[in-house]
There are 2 protein chains.
Amino acid sequence: MSDATSTPLSNKLPLGFRWSSVKAGIKASGKPDVALAVCNGGAAAAAMFTSNQVVAAPVTVGRRHLTLTGGRVTAVLVNAGNANCATGEPGIAACRKSCIAVAEAFGCVFDEIFPSSTGIIGVPLPVEKLVAAVPAAKAALGDKAENAEAFATAILTTDTKLKVAQESFEIDGKTVNLFGCAKGAGMIGPQLVPHATMLVYLFTDLAASSDQLRSMLGAAVASSFNSISIDGDMSTNDTVLLLASGKGGVSAQGSAVPAFEAALQRVCESLAHAIVDDGEGVSHVVTLEISGAPSDDDAKAIARTIATSPLCKTAWSSADPNWGRLLAAAGRAGVAFDPAQVLITIAGLPVFEYGVRAADFDEAATHAAMSEREYTIMIQMGNGAGRAHFITCDLTHEYVTINADYST
Amino acid sequence: MSDATSTPLSNKLPLGFRWSSVKAGIKASGKPDVALAVCNGGAAAAAMFTSNQVVAAPVTVGRRHLTLTGGRVTAVLVNAGNANCATGEPGIAACRKSCIAVAEAFGCVFDEIFPSSTGIIGVPLPVEKLVAAVPAAKAALGDKAENAEAFATAILTTDTKLKVAQESFEIDGKTVNLFGCAKGAGMIGPQLVPHATMLVYLFTDLAASSDQLRSMLGAAVASSFNSISIDGDMSTNDTVLLLASGKGGVSAQGSAVPAFEAALQRVCESLAHAIVDDGEGVSHVVTLEISGAPSDDDAKAIARTIATSPLCKTAWSSADPNWGRLLAAAGRAGVAFDPAQVLITIAGLPVFEYGVRAADFDEAATHAAMSEREYTIMIQMGNGAGRAHFITCDLTHEYVTINADYST
C-alpha cells in the first residue's frame, strides 16, 4: 500500500540497503543536510535526469558514472542546501572529490558513487564540509525505518512534509519490497529524459538488470513525475534514481515483472502527488483529466498549458469558477480543436458544453466544489483518442512570498 | 514624438476620423464602455488577430468582414465589460446585430463595421444595451483630441492608465498623422497572426492600400506587441487594427513608406511598453536583450521562457539578484547552448560568465539596480547571430490579488 504521509515507515524495507543522514552545516537552518544510502556489493541502477540545457555538476558526474559502470551504484550521496550548479569546472572537481571520499570509505571504485545536490544555484559547493561529514554518515548507517526516514528527511529543502511511499508484494512465497522518497517543492515542471531539483530515490530488493530497470522506470515516470507541475519551471538538478539490490530472492521475470511495474507506478504516482500537495504555497491540488484530443501528446500539451497558466492558477486559489480561463488556455496550447465539441466539468459539474456556458451551470455549487482542497477538472476536447492525466496546483500569495523572499 | 502617458493628446490627429464613447451599462463600474470610431466613405484596413484556437465572436465576425470587403472599414464598434467569447451562435448573432445597428446609423453595408469586445468570457453579450447606445455614440462623435481620448478610455478594463501614442511627419510639405491607442492589462502574451484581450487601434490619414497596410503592420507588430508578455496568457480577443483614411494628401509611395513604417513602429513599441508598464500588479518592467543565439526564433524562445517563468518573475518583484533562475529558465527553452559560453548582465552589471558566477559579481549593487522600476537583463548565449528584444514584468502579490478576486 502506498503511503505518502508523514506516518513512520514500516520495517518492510528492501533488503540490502542502509541509510543515514548527518548535519554538515550546508543548510543555513542547521538541519540534517547530507543523506547517504549504501548497498554493499553494489546495486543495479537506472536513472532519469532533467532535460534542461543547464545541468548541475552532480547530474553531469552521475550520468557519466552510470555510463562507465554500466548502471552499478554502491552508494548515493546527497547534499541539500547547495545545488552545485553553474559552478563550472570547480563544481565538477568538488563533486568528484566528494565521490572519492565516499568510495574510500566503502572500498569501491568512485564511479560507483552516485552524487546529488539540491539548493541554491551558482554558489560554490563547500565540498570540505561534505567530505568531513562522510565518516559520521557511515557510522550512522542502518537498515531500519528510522534510518530510511532520516535519509528521506535530509534531502528536503523548502518542503514542509516528508514524502515517502512503500510497496511490498509476494511472488512464490518470497517478498519484494520497494521504498521511495522524494523532495519538491518549487521549480517543479520536470521533463525527464533517460540520461531529472526534484530528487527521487527508489530502492528495491528485486533482482533486475540496469536495462530492465531503465525500461520500467521510464514508463512509471511518464505517468507520474512527468505528469505534474507546480510552477512550470524545470530544475537543473532533477533526478530520479532506481536501485535494485537483488537481495530479496526474486528476479525480474514472469509474473514478478508486471507486479513490480504496478508497484513502481503506484509508488511514483504517490510521490508525485505528494510533491504537488506539498508544493510552495499550494492551497488547492487540481487534477486535470483531458480526453478526446487528437493524440496523447496533444492532450498533455493542453494539460500542461492549463497547469502553467497564471490566470487559471490564480482563479483556483480563490475557488473562482471562471471556466473561460480554462478554455482560453487550452486554445493556446498549439492543438487544433473545435470549441463547440468541448465539454468541461469541474468536480463533475458541467460548466461549458456545446460552445457555450452549460445550460445548468451552477456558479455557487461549482464555487463550493472548488473550495475543497482537491478536485478534478475534466475536459473532453472532441472525439480523438488522446488522453492525459495531470496533477497541478494553484498560484497563491504564499507562493509569491516564498519566492520573492529576499532581504536587503 | 511618441507619447504613451496620460498627457492629453495633441490635436495633430489623422484627418478623416471621428471618435466617441458612451456609457451603455455593460461595465459593472458604470464607466464609459462603448467606443465608436467612424471614417466617412470608409478607410483601408489591415488587422491581426489572436492565434488562440478559441476566438471571440467579434474576432470571427471582424475577420470575415475584412475578407468580404477586401479590407474596408467605415466604423469600429468596441464594447468593454463583456468579451462575447464562448457564447456560441447566439454570440455571433448578437455581434452581427450590433454591426447592423451601426451600419444603419451611417448608411453603409454592415460588412464595413468592425466589431471588438473585451471583458469576461462566457457571459451572453447584452446586445440590446449595445444597440441602444449607438444613437448617443453617433451624436457624440468628434475629431478633436478629447474625442480620441474618449475612445481610448472606453476600451479600458482593468487598465489603470490611458495608453495612447501619436506621430506626425512631413512629406513634400504635407503632414501625415498617426494616432494609436491600446488596452491591456492581463491575459497578455499575444501571438498575433495575420487573419489579437489586447486591443489596439491605429488611425492614419496616409493613403495606402489594405495590402500595403497589412505588410507594414506585420513588421511593426513583430517588434512590439509580439515581443511583450505580462502573464503569458494569450487572449481569445486580441486584435490590432490599422485604418488609413487617405485624407491627408500623402500616398504610401517613395520616402513616405519608410517614414510611415518608422512612425508606425515607434507608436506600436510605445503602446506595447505602456501595456506592460500598466500590467496587472506590475512593480518592475524588465527588458530582455538576448543575443548570440542560433537564430532570432531561438532568442525569442529563450526570452519568452524567462518572461513567463514564475521563479524569475517573483525574484524580480523583490529585486533578488538570483541569476541562477535566469539560467535555469533559458535552459528549458528548447534551444541548445553551452552554459560556459553564456554571459549575463543585469543593468550592465556582470552576474554570470565563463560558466560560473561572475568574478566581480556585486550582490548589493545588483540588488540596488534591480530596485529601480525599469532595467535591462542582457544574455549573450554564444556566437550565433540570433537576437531578441522582449519587454516583460514581475509577478507580484498584487497580480494574485487582482486575478484571485472572487467574492463568495
# chains A, B, ... in the order shown; residues from 1 in each chain; ligands from 1
$ interface_residues --of "chain A" --to "chain B" --cutoff "8 Å" --atoms "only C-alpha atoms" --output "ChimeraX atom specification"
/A:51-54,86-88,120-123,187,231-236,309-311,314-320,324-325,327-332,334-340,354-357,367,395-397,400-401,403-406,408
$ write_last_selection --atoms "C-alpha atoms" --output "PDB file, in the first residue's frame"
ATOM      1  CA  SER A  51      16.298  17.760 -19.814  1.00  0.00           C
ATOM      2  CA  ASN A  52      17.394  21.326 -19.001  1.00  0.00           C
ATOM      3  CA  GLN A  53      20.310  22.586 -21.132  1.00  0.00           C
ATOM      4  CA  VAL A  54      21.899  23.769 -17.927  1.00  0.00           C
ATOM      5  CA  ALA A  86      26.574  26.927 -12.638  1.00  0.00           C
ATOM      6  CA  THR A  87      29.738  26.341 -10.703  1.00  0.00           C
ATOM      7  CA  GLY A  88      31.888  25.411 -13.706  1.00  0.00           C
ATOM      8  CA  ILE A 120      20.780  27.477  -4.401  1.00  0.00           C
ATOM      9  CA  ILE A 121      22.284  27.769  -7.877  1.00  0.00           C
ATOM     10  CA  GLY A 122      25.611  29.471  -8.543  1.00  0.00           C
ATOM     11  CA  VAL A 123      27.242  29.314  -5.128  1.00  0.00           C
ATOM     12  CA  MET A 187      10.923  24.719  -9.645  1.00  0.00           C
ATOM     13  CA  ASP A 231       5.240  26.376 -11.313  1.00  0.00           C
ATOM     14  CA  GLY A 232       6.302  25.001 -14.695  1.00  0.00           C
ATOM     15  CA  ASP A 233       9.947  25.767 -14.016  1.00  0.00           C
ATOM     16  CA  MET A 234      12.233  22.844 -14.748  1.00  0.00           C
ATOM     17  CA  SER A 235      15.191  22.398 -12.498  1.00  0.00           C
ATOM     18  CA  THR A 236      18.818  21.971 -13.448  1.00  0.00           C
ATOM     19  CA  SER A 309      -1.438  29.409 -16.815  1.00  0.00           C
ATOM     20  CA  PRO A 310      -1.201  32.142 -14.156  1.00  0.00           C
ATOM     21  CA  LEU A 311      -4.836  33.101 -14.850  1.00  0.00           C
ATOM     22  CA  THR A 314      -4.924  32.326  -9.542  1.00  0.00           C
ATOM     23  CA  ALA A 315      -8.603  31.539 -10.186  1.00  0.00           C
ATOM     24  CA  TRP A 316      -8.159  28.166  -8.471  1.00  0.00           C
ATOM     25  CA  SER A 317      -6.625  29.915  -5.450  1.00  0.00           C
ATOM     26  CA  SER A 318      -9.949  31.661  -4.782  1.00  0.00           C
ATOM     27  CA  ALA A 319     -12.197  28.802  -5.980  1.00  0.00           C
ATOM     28  CA  ASP A 320     -13.369  31.061  -8.817  1.00  0.00           C
ATOM     29  CA  GLY A 324     -13.326  30.846 -19.630  1.00  0.00           C
ATOM     30  CA  ARG A 325      -9.706  30.884 -18.480  1.00  0.00           C
ATOM     31  CA  LEU A 327     -10.869  27.344 -22.411  1.00  0.00           C
ATOM     32  CA  ALA A 328      -8.564  30.253 -23.339  1.00  0.00           C
ATOM     33  CA  ALA A 329      -5.506  28.393 -22.035  1.00  0.00           C
ATOM     34  CA  ALA A 330      -6.465  25.228 -23.927  1.00  0.00           C
ATOM     35  CA  GLY A 331      -6.782  27.381 -27.026  1.00  0.00           C
ATOM     36  CA  ARG A 332      -3.165  28.498 -26.946  1.00  0.00           C
ATOM     37  CA  GLY A 334      -0.917  24.590 -30.113  1.00  0.00           C
ATOM     38  CA  VAL A 335      -3.579  21.923 -30.605  1.00  0.00           C
ATOM     39  CA  ALA A 336      -6.356  22.365 -33.159  1.00  0.00           C
ATOM     40  CA  PHE A 337      -9.889  21.765 -31.856  1.00  0.00           C
ATOM     41  CA  ASP A 338     -13.460  22.912 -32.283  1.00  0.00           C
ATOM     42  CA  PRO A 339     -14.725  24.740 -29.157  1.00  0.00           C
ATOM     43  CA  ALA A 340     -18.264  23.582 -29.976  1.00  0.00           C
ATOM     44  CA  TYR A 354     -21.946  22.901 -26.998  1.00  0.00           C
ATOM     45  CA  GLY A 355     -19.757  26.019 -27.411  1.00  0.00           C
ATOM     46  CA  VAL A 356     -21.472  27.949 -24.621  1.00  0.00           C
ATOM     47  CA  ARG A 357     -21.782  28.077 -20.836  1.00  0.00           C
ATOM     48  CA  HIS A 367     -17.515  27.508  -6.265  1.00  0.00           C
ATOM     49  CA  LEU A 395      -0.808  30.023  -7.521  1.00  0.00           C
ATOM     50  CA  THR A 396      -1.144  31.814  -4.207  1.00  0.00           C
ATOM     51  CA  HIS A 397       0.123  34.832  -2.292  1.00  0.00           C
ATOM     52  CA  VAL A 400       4.948  34.793  -4.246  1.00  0.00           C
ATOM     53  CA  THR A 401       6.065  35.355  -0.662  1.00  0.00           C
ATOM     54  CA  ASN A 403       9.922  33.001  -3.974  1.00  0.00           C
ATOM     55  CA  ALA A 404      10.231  36.755  -3.561  1.00  0.00           C
ATOM     56  CA  ASP A 405      11.807  36.320  -0.154  1.00  0.00           C
ATOM     57  CA  TYR A 406      14.911  38.449  -0.446  1.00  0.00           C
ATOM     58  CA  THR A 408      18.184  43.601   1.668  1.00  0.00           C
TER      59      THR A 408
END
$ select_by_dssp --residues "range 15-56 of chain B" --states "strand (DSSP E or B)" --output "list in words"
Arg18, Trp19, Ser20, Ser21, Val22, Val34, Ala35, Leu36, Ala37, Val38, Cys39, Asn40, Gly41, Gly42, Ala43, Ala44, Ala45, Ala46, Ala47, Met48, Phe49 and Thr50 of chain B
$ residues_around --residues "Thr157 in chain A" --least-positions-apart "2" --cutoff "10 Å" --atoms "only C-alpha atoms" --output "number ranges by chain"
A: 27, 29, 31, 33, 80-82, 118-120, 153-155, 159-160, 183-186, 197
$ residues_around --residues "range 252-269 of chain B" --least-positions-apart "3" --cutoff "7 Å" --atoms "only C-alpha atoms" --output "list in words"
Ser2, Ala165, Gln166, Glu167, Ile171, Gly180, Leu206, Ala207, Ala208, Met216, Ala220, Val221, Ser224, Ala272 and His273 of chain B
$ atom_distance --atom1 "CA of Ser116 in chain B" --atom2 "CA of Val78 in chain B"
4.6 Å
$ residues_around --residues "Tyr201 in chain A" --least-positions-apart "6" --cutoff "7 Å" --atoms "only C-alpha atoms" --output "list of chain:residue names"
A:Gly180, A:Cys181, A:Ala182, A:Val240, A:Leu241, A:Leu242
$ select_by_dssp --residues "range 96-147 of chain B" --states "helix (DSSP H, G or I)" --output "ChimeraX atom specification"
/B:96-106,110-112,127-139,145-147
$ atom_distance --atom1 "CA of Arg304 in chain B" --atom2 "CA of Glu289 in chain B"
11.3 Å
$ closest_residue --among "A:Val127, A:Ala105, A:Ile113, A:Val200" --to "Phe151 in chain A" --atoms "only C-alpha atoms"
A:Val200
$ residues_around --residues "Ala43 in chain B" --least-positions-apart "2" --cutoff "6 Å" --atoms "only C-alpha atoms" --output "list of chain:residue names"
B:Arg72, B:Val73, B:Leu243, B:Ala244, B:Ser245
$ write_last_selection --atoms "N, CA and C atoms" --output "CSV table (one decimal), in the first residue's frame"
chain,number,residue,atom,x,y,z
B,72,ARG,N,-11.9,47.0,-45.9
B,72,ARG,CA,-12.5,48.3,-45.9
B,72,ARG,C,-13.4,48.5,-44.7
B,73,VAL,N,-13.2,49.5,-43.9
B,73,VAL,CA,-13.9,49.7,-42.7
B,73,VAL,C,-14.5,51.2,-42.6
B,243,LEU,N,-6.2,51.5,-39.6
B,243,LEU,CA,-7.1,52.1,-40.6
B,243,LEU,C,-6.4,53.4,-41.2
B,244,ALA,N,-6.5,53.5,-42.5
B,244,ALA,CA,-5.9,54.6,-43.3
B,244,ALA,C,-7.0,55.3,-44.0
B,245,SER,N,-7.3,56.6,-43.7
B,245,SER,CA,-8.4,57.3,-44.3
B,245,SER,C,-8.0,57.9,-45.7
$ atom_distance --atom1 "CA of Ser229 in chain B" --atom2 "CA of Ser291 in chain A"
29.6 Å
